[in-house]
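Right, one structure below, let's go through it.
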Amino acid sequence: FGLLSVLCWSSSYGFTKIALGSLAPLSLGSIRYVIAAIILCIVGSIKHIGLPDKKDIPGFAIAGFVGFGLYMVTYNVGSSINSASVTSSVACISPITTAVLAAIFFKEKQTALCWATVVMEFAGIIILNFNGGFKLNIGVLLIVLSSVFFSCYNLLLRKYSGKYSSLQITTYSLTAGAIFLLLLMPKAIPDISSAPLDAVFATVFISIFPSALAY
């Protein structure tokens, strides 16, 4: 399952770039996660996952807003500015930002091996991008910010891992994020209706595989 998730995630960069060729970044994000939420709700209904406790709803709502609302806006706008290769390599800083934020806010002590891995990953990103063709622009900064939001999403949901299954956590938080993104649907529906077939296929693909399945 881990390998499948990695494959799904890695496919998102190229297909996102294809979809962004015809759709506005916010339109793509809203359609992507609304479709993913519908799929997860159907699966959740079949699996009888039920609803979260009332006291946990605000937590899932905040996580959904950060992890799918703010993340989507910064990631898609950043992806529309940069190439898929630049986006994918810069987005790899998520483990770094997660480790740093966990150490700062949760006082989580990381091992020397963990920090060594962080340094190696950061060095790899530099080697891959700072080869003369890389330019620091607003798009790169937005991708970095999206990684921070994604790390915050993971940390916000950490306290629920012992109480809910991964399917429940993903369904509750993604659905909460999709509810926020419904505000963008009046613009998104006309965009997808007039989009060419390749953009529609790319949108459906990233809605199912890198979104509903990978999460």
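Following the order of the structure tokens, first chain is A, next is B, and so on, with residues numbered from 1 inside each chain and ligands from 1 in the order they appear.
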
Practice item. Quick one: everything within 8 Å of segment 149-164 of chain A, counting only C-alpha atoms, minus sequence neighbours fewer than 6 positions away in the same chain. Send it as an MDAnalysis selection string. Key: chainID A and resid 59:60 63:64 66:67 70:71 94:95 97:98 101:102

With N, CA and C atoms retained, export the selected residues as a CSV table (one decimal), in the first residue's frame.
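Output saved as again_8.csv:
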```csv
chain,number,residue,atom,x,y,z
A,59,GLY,N,-11.8,20.1,15.1
A,59,GLY,CA,-10.5,19.7,14.8
A,59,GLY,C,-10.3,19.2,13.4
A,60,PHE,N,-11.3,18.4,12.9
A,60,PHE,CA,-11.3,17.9,11.5
A,60,PHE,C,-11.5,19.1,10.6
A,63,ALA,N,-8.3,21.1,10.3
A,63,ALA,CA,-7.3,20.3,9.5
A,63,ALA,C,-7.7,20.3,8.0
A,64,GLY,N,-9.0,20.1,7.8
A,64,GLY,CA,-9.5,20.1,6.4
A,64,GLY,C,-9.2,21.5,5.7
A,66,VAL,N,-6.9,23.7,6.5
A,66,VAL,CA,-5.5,23.9,6.3
A,66,VAL,C,-4.9,22.9,5.2
A,67,GLY,N,-5.3,21.6,5.4
A,67,GLY,CA,-4.7,20.6,4.5
A,67,GLY,C,-5.2,20.5,3.2
A,70,LEU,N,-6.1,25.7,2.2
A,70,LEU,CA,-4.9,26.5,2.1
A,70,LEU,C,-3.8,25.8,1.3
A,71,TYR,N,-3.7,24.5,1.5
A,71,TYR,CA,-2.7,23.7,0.8
A,71,TYR,C,-3.0,23.7,-0.7
A,94,SER,N,8.3,18.5,2.5
A,94,SER,CA,7.3,18.2,3.5
A,94,SER,C,7.9,17.4,4.7
A,95,PRO,N,8.6,16.4,4.5
A,95,PRO,CA,9.2,15.7,5.7
A,95,PRO,C,10.1,16.6,6.5
A,97,THR,N,9.8,20.0,6.8
A,97,THR,CA,8.9,21.0,7.5
A,97,THR,C,8.2,20.3,8.7
A,98,THR,N,7.8,19.0,8.4
A,98,THR,CA,7.1,18.2,9.5
A,98,THR,C,8.0,18.0,10.7
A,101,LEU,N,8.5,21.4,12.5
A,101,LEU,CA,7.4,21.9,13.2
A,101,LEU,C,7.0,21.0,14.4
A,102,ALA,N,7.3,19.7,14.3
A,102,ALA,CA,7.1,18.8,15.4
A,102,ALA,C,8.0,19.1,16.5
```

Exercise for review: Could you give me, as an MDAnalysis selection string, the residues within 9 Å of Ser211 of chain A, counting only C-alpha atoms and dropping anything in the same chain fewer than 5 positions from it?
Suggested key: chainID A and resid 8:9 12 32:33 36:37 205:206

Review point. Hey, which of A:Ser166, A:Asn76, A:Thr16, A:Ser27 ends up closest to Ser146 of chain A? Count only C-alpha atoms.
Key: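 Once distances to Ser146 of chain A are computed over only C-alpha atoms, the minimum belongs to A:Asn76.
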
Practice item. Name all residues at most 10 Å from Gly29 of chain A (count only C-alpha atoms; drop same-chain ones fewer than 2 positions away) and give them as a ChimeraX atom specification. Key: /A:16,20,23-27,31-34,68-69,71-73,75-77,178,181,184-185,188,203,206-207

Check your understanding: Please, which residues of segment 27-197 of chain A, numbered as in this document, come out helix (DSSP H, G or I) from DSSP, as a ChimeraX atom specification?
Key -> /A:27-47,54-81,84-105,112-129,138-160,166-193,197

Review point. Contacts of Gly44 of chain A at 8 Å or less, counting only C-alpha atoms, minus same-chain residues fewer than 3 places along, as a list in words?
Key: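 The contact residues come out as Leu40, Cys41, Lys47, His48, Ile49, Gly50, Leu167, Gln168 and Thr171 of chain A.
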
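Relative to atom CA of Gly21 of chain A, atom CA of Pro196 of chain A is found at 9.8 Å.
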
Practice item. Have a look at A:Ile169, A:Val204, A:Val100, A:Ile192 and name the one nearest to Pro52 of chain A; count only C-alpha atoms. Key: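 The shortest atom-to-atom distance to Pro52 of chain A comes from A:Ile169.
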
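Picture a line from atom CA of Ser193 of chain A to atom CA of Ala19 of chain A; it runs 12.8 Å.
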
Review point. What lies within 10 Å of segment 113-117 of chain A using only C-alpha atoms, ignoring chain neighbours under 3 positions off, as a VMD selection string?
Key: chain A and resid 95 to 96 99 to 100 109 to 110 120 to 123

Exercise for review: Give me, please, the distance in Å between atom CA of Thr87 of chain A and atom CA of Asp191 of chain A, quoted to one decimal.
Suggested key: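 Spanning atom CA of Thr87 of chain A to atom CA of Asp191 of chain A is a straight-line distance of 23.3 Å.
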